[in-house]
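Participant: The structure that follows is given in the form of structure tokens.
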Amino acid sequence: MSGKDFVEKDYYKVLGVPKDATATEIKKTYRKLAREFHPDANKGDAKAEERFKDISEAYDVLSDEKRRKEYDEARSLFANGGFRTGGPGTGSYSFDFGDLFSGNQGGGSGGGLGDVFGGLFNRGGTRQAQPRRGADVETEVTLSFEEAVDGATVPLRMTSQAPCRVCNGTGAKSGTTPRVCPTCVGSGTVSRGQGAFALSEPCKDCRGRGMIVDDPCTDCHGSGRASSARTMQVRIPAGVQADQRIRLKGKGAQGERGGQPGDLYVTVHVDPHPVFGRKGDNLTVTVPVTFPEAALGATIEVPTLGGPAVKLKLPPGSANGLTMRARGKGATRKDGTRGDLLVTVEVVVPQHVDGDALNALEQYREATASDDPRAALFRAAKGA
């Protein structure tokens with residue numbers, strides 16, 4: 001809205017109230033006219049729609065005490081669209097009201113009074129409320145060990161804020177409409193000076209919405225939002241770690257006034273596996289072997305997660321705790337490749353030995369009696 005329009009329009013006449021009308025009288029009259037000319041009550045009536053816009057514009061100015069005062073002062077100064085003053089040798093001359101605001105008086109190219117009063121006149125209520133991004137939503141999901149390794153599509157039931165179905169997100173009672181916040185002029189933010197800088201912060205009058213509701217919706221109480229439960233299928237990528245937080249862009253709460261939806265953050269919990277463990281992109285497994293297999297060497301079979309067993313060659317003299325690697329049998333990485341399966345050998349000591357096994361072990365002990373496995377330990381202790 002231009003400065004000229006701001007001054008030339010008689011907002012009191014638009015609302016049909018006297019210039020000394022109280023704020024209560026102005027509000028009461030506005031509500032009555034808004035219901036009468038609301039677009040919902042006058043489908044396809046362009047004149048009613050235009051009348052409704054004029055009513056809303058007038059109310060935005062006259063309902064704000066500071067802006068009403070500025071409007072009254074400007075109207076008083078520029079009454080009748082222009083003014084006359086004495087000129088040398090001519091008695092009087094006139095300025096066209098439009099020239100005052102266009103900056104073309106006298107053929108010059110200056111800014112005119114429109115530039116001088118721009119900050120005052122361009123704060124009208126016709127600026128559209130800005131889109132507002134939806135809120136982020138957080139939820140949790142528990143996966144099996146296999147699902148975490150290979151990825152899974154899981155159903156998630158979420159409760160978040162969505163536009164109220166009764167008022168379609170406006171926050172206003174049926175038959176009424178919210179008005180643009182006069183403080184932030186629909187932006188939802190206000191600037192606060194800090195020395196040479198200006199900081200933006202949410203408008204306190206409209207709580208960052210950019211709109212003010214005079215007749216709130218009975219269902220959402222003017223917030224324009226309501227709790228909404230929904231179930232959606234979410235793809236959890238392969239190789240996700242336990243307690244990892246995944247961001248799914250645009251899957252959060254819906255935005256307002258065409259704003260982008262928020263994001264969904266999913267914290268993943270993973271059930272333990274009875275056989276396999278995990279270290280980063282590698283899986284781990286502990287495989288028991290007999291003493292002869294560890295001492296003499298052997299080819300052993302090792303299970304894999306969700307696939308056929310693999311065979312690994314256990315070298316002679318393998319110590320307890322030796323770790324071997326089965327390449328490509330681990331968890332899926334982001335690039336689609338797989339980590340490794342780390343196989344740790346655990347030498348099994350029999351709990352009961354008798355018969356031929358007992359005789360064989362006795363013979364083995366006699367054959368190795370001269371080999372003291374603790375000799376090096378004592379030598380090192382004495383040397384210390």
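The way I read the labels, and the way they are meant: chains A, B, ... in the order of the structure tokens, residue 1 as the first residue of every chain, and ligand 1 as the first ligand shown, with later ones counted on from there.
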DSSP says helix (DSSP H, G or I) for which residues of region 169-362 of chain A? Put them as a PDB file with N, CA, C and O atoms, in the first residue's frame?

Facilitator:
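Wrote it out as selection.pdb, contents follow:
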```
ATOM      1  N   PHE A 291      41.513 -78.660  20.943  1.00  0.00           N
ATOM      2  CA  PHE A 291      42.962 -78.496  21.139  1.00  0.00           C
ATOM      3  C   PHE A 291      43.747 -79.064  19.972  1.00  0.00           C
ATOM      4  O   PHE A 291      44.679 -78.406  19.474  1.00  0.00           O
ATOM      5  N   PRO A 292      43.395 -80.242  19.458  1.00  0.00           N
ATOM      6  CA  PRO A 292      44.140 -80.757  18.301  1.00  0.00           C
ATOM      7  C   PRO A 292      44.027 -79.843  17.087  1.00  0.00           C
ATOM      8  O   PRO A 292      44.991 -79.671  16.339  1.00  0.00           O
ATOM      9  N   GLU A 293      42.825 -79.243  16.859  1.00  0.00           N
ATOM     10  CA  GLU A 293      42.671 -78.326  15.721  1.00  0.00           C
ATOM     11  C   GLU A 293      43.573 -77.108  15.881  1.00  0.00           C
ATOM     12  O   GLU A 293      44.200 -76.648  14.917  1.00  0.00           O
ATOM     13  N   ALA A 294      43.640 -76.576  17.115  1.00  0.00           N
ATOM     14  CA  ALA A 294      44.485 -75.406  17.352  1.00  0.00           C
ATOM     15  C   ALA A 294      45.961 -75.765  17.231  1.00  0.00           C
ATOM     16  O   ALA A 294      46.761 -74.990  16.699  1.00  0.00           O
ATOM     17  N   ALA A 295      46.342 -76.960  17.728  1.00  0.00           N
ATOM     18  CA  ALA A 295      47.752 -77.353  17.734  1.00  0.00           C
ATOM     19  C   ALA A 295      48.218 -77.813  16.368  1.00  0.00           C
ATOM     20  O   ALA A 295      49.333 -77.478  15.928  1.00  0.00           O
ATOM     21  N   LEU A 296      47.407 -78.594  15.673  1.00  0.00           N
ATOM     22  CA  LEU A 296      47.830 -79.195  14.423  1.00  0.00           C
ATOM     23  C   LEU A 296      47.364 -78.426  13.192  1.00  0.00           C
ATOM     24  O   LEU A 296      47.826 -78.684  12.081  1.00  0.00           O
ATOM     25  N   GLY A 355      39.323 -92.971  29.220  1.00  0.00           N
ATOM     26  CA  GLY A 355      39.588 -93.944  28.168  1.00  0.00           C
ATOM     27  C   GLY A 355      40.813 -93.609  27.352  1.00  0.00           C
ATOM     28  O   GLY A 355      41.857 -93.166  27.867  1.00  0.00           O
ATOM     29  N   ASP A 356      40.706 -93.831  26.066  1.00  0.00           N
ATOM     30  CA  ASP A 356      41.826 -93.609  25.146  1.00  0.00           C
ATOM     31  C   ASP A 356      42.284 -92.145  25.145  1.00  0.00           C
ATOM     32  O   ASP A 356      43.486 -91.855  25.031  1.00  0.00           O
ATOM     33  N   ALA A 357      41.321 -91.235  25.303  1.00  0.00           N
ATOM     34  CA  ALA A 357      41.681 -89.820  25.310  1.00  0.00           C
ATOM     35  C   ALA A 357      42.556 -89.500  26.511  1.00  0.00           C
ATOM     36  O   ALA A 357      43.526 -88.732  26.418  1.00  0.00           O
ATOM     37  N   LEU A 358      42.223 -90.100  27.648  1.00  0.00           N
ATOM     38  CA  LEU A 358      43.024 -89.869  28.856  1.00  0.00           C
ATOM     39  C   LEU A 358      44.428 -90.417  28.695  1.00  0.00           C
ATOM     40  O   LEU A 358      45.428 -89.771  29.033  1.00  0.00           O
ATOM     41  N   ASN A 359      44.539 -91.626  28.145  1.00  0.00           N
ATOM     42  CA  ASN A 359      45.864 -92.232  27.928  1.00  0.00           C
ATOM     43  C   ASN A 359      46.682 -91.400  26.948  1.00  0.00           C
ATOM     44  O   ASN A 359      47.885 -91.195  27.132  1.00  0.00           O
ATOM     45  N   ALA A 360      46.014 -90.884  25.930  1.00  0.00           N
ATOM     46  CA  ALA A 360      46.728 -90.083  24.939  1.00  0.00           C
ATOM     47  C   ALA A 360      47.249 -88.788  25.554  1.00  0.00           C
ATOM     48  O   ALA A 360      48.370 -88.350  25.262  1.00  0.00           O
ATOM     49  N   LEU A 361      46.464 -88.183  26.405  1.00  0.00           N
ATOM     50  CA  LEU A 361      46.898 -86.946  27.032  1.00  0.00           C
ATOM     51  C   LEU A 361      48.058 -87.200  28.009  1.00  0.00           C
ATOM     52  O   LEU A 361      48.969 -86.366  28.143  1.00  0.00           O
ATOM     53  N   GLU A 362      48.010 -88.330  28.722  1.00  0.00           N
ATOM     54  CA  GLU A 362      49.103 -88.660  29.631  1.00  0.00           C
ATOM     55  C   GLU A 362      50.402 -88.832  28.856  1.00  0.00           C
ATOM     56  O   GLU A 362      51.463 -88.354  29.266  1.00  0.00           O
TER      57      GLU A 362
END
```

Participant: Which is closest to Phe145 (chain A) among A:Arg278, A:His352, A:His273, A:Arg247, if we use only C-alpha atoms?

Facilitator: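 Among the listed residues, A:His273 lies closest to Phe145 (chain A).
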
Participant: From the list A:Arg31, A:Lys251, A:Arg225, A:Lys19, which residue is nearest Tyr59 (chain A) when using only C-alpha atoms?

Facilitator: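 Looking only at the distances to Tyr59 (chain A), the closest residue turns out to be A:Arg31.
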
Participant: List the neighbours of Gly255 (chain A) out to 8 Å using only C-alpha atoms; skip same-chain residues closer than 4 positions along the sequence, and give me the result as a PyMOL selection string.

Facilitator: chain A and resi 131-135+162+259-262

Participant: Pick from A:Lys311, A:Lys249, A:Arg209, A:Lys329: nearest to Thr284 (chain A), with only C-alpha atoms counted?

Facilitator: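 That would be A:Lys329, the residue with the smallest distance to Thr284 (chain A).
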
Participant: If you measure from CA of Gly210 (chain A) to CA of Gly222 (chain A), what distance in Å do you get, rounded to one decimal?

Facilitator: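 Going from CA of Gly210 (chain A) over to CA of Gly222 (chain A) covers 12.9 Å.
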
Participant: Which of region 114-330 of chain A counts as strand (DSSP E) under DSSP, as a count of residues only please?

Facilitator: 88

Participant: Nearest to Val185 (chain A): which of A:Gly44, A:Ala21, A:Cys217, A:Cys203 is it, counting only C-alpha atoms?

Facilitator: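 Checking each of A:Gly44, A:Ala21, A:Cys217, A:Cys203 against Val185 (chain A), counting only C-alpha atoms, the winner is A:Cys203.
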
Participant: Nearest to Ala34 (chain A) among A:Glu147, A:Asp10, A:Asp214, A:Glu366, with distances taken over only C-alpha atoms: which residue is it?

Facilitator: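 For Ala34 (chain A), the nearest of the candidates is A:Asp214.
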
Participant: Of the candidates A:Ala23, A:Ala48, A:Val268, A:Leu15, which one gets nearest to Leu156 (chain A) if we count only C-alpha atoms?

Facilitator: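 Residue with the minimum atom-to-atom distance to Leu156 (chain A): A:Val268.
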
Participant: Which distance in Å separates CA of Thr299 (chain A) and CA of Leu312 (chain A), to one decimal?

Facilitator: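 These atoms are spaced 5.7 Å apart.
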
Participant: Within 12 Å of region 320-324 of chain A, counting only C-alpha atoms, which residues show up once you throw out same-chain ones fewer than 5 positions away? Write them as a PyMOL selection string, please.

Facilitator: chain A and resi 283-291+293-295+300+302+311-315+340-349

Participant: Which residues are near Val270 (chain A)? Cut-off 10 Å, only C-alpha atoms, ignore same chain within fewer than 6 positions. Put them as a VMD selection string.

Facilitator: chain A and resid 141 to 149 240 to 244

Participant: Between CA of Ala229 (chain A) and CA of Met158 (chain A), what distance in Å does the model show, to one decimal?

Facilitator: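 Taking CA of Ala229 (chain A) and CA of Met158 (chain A), their separation equals 5.6 Å.
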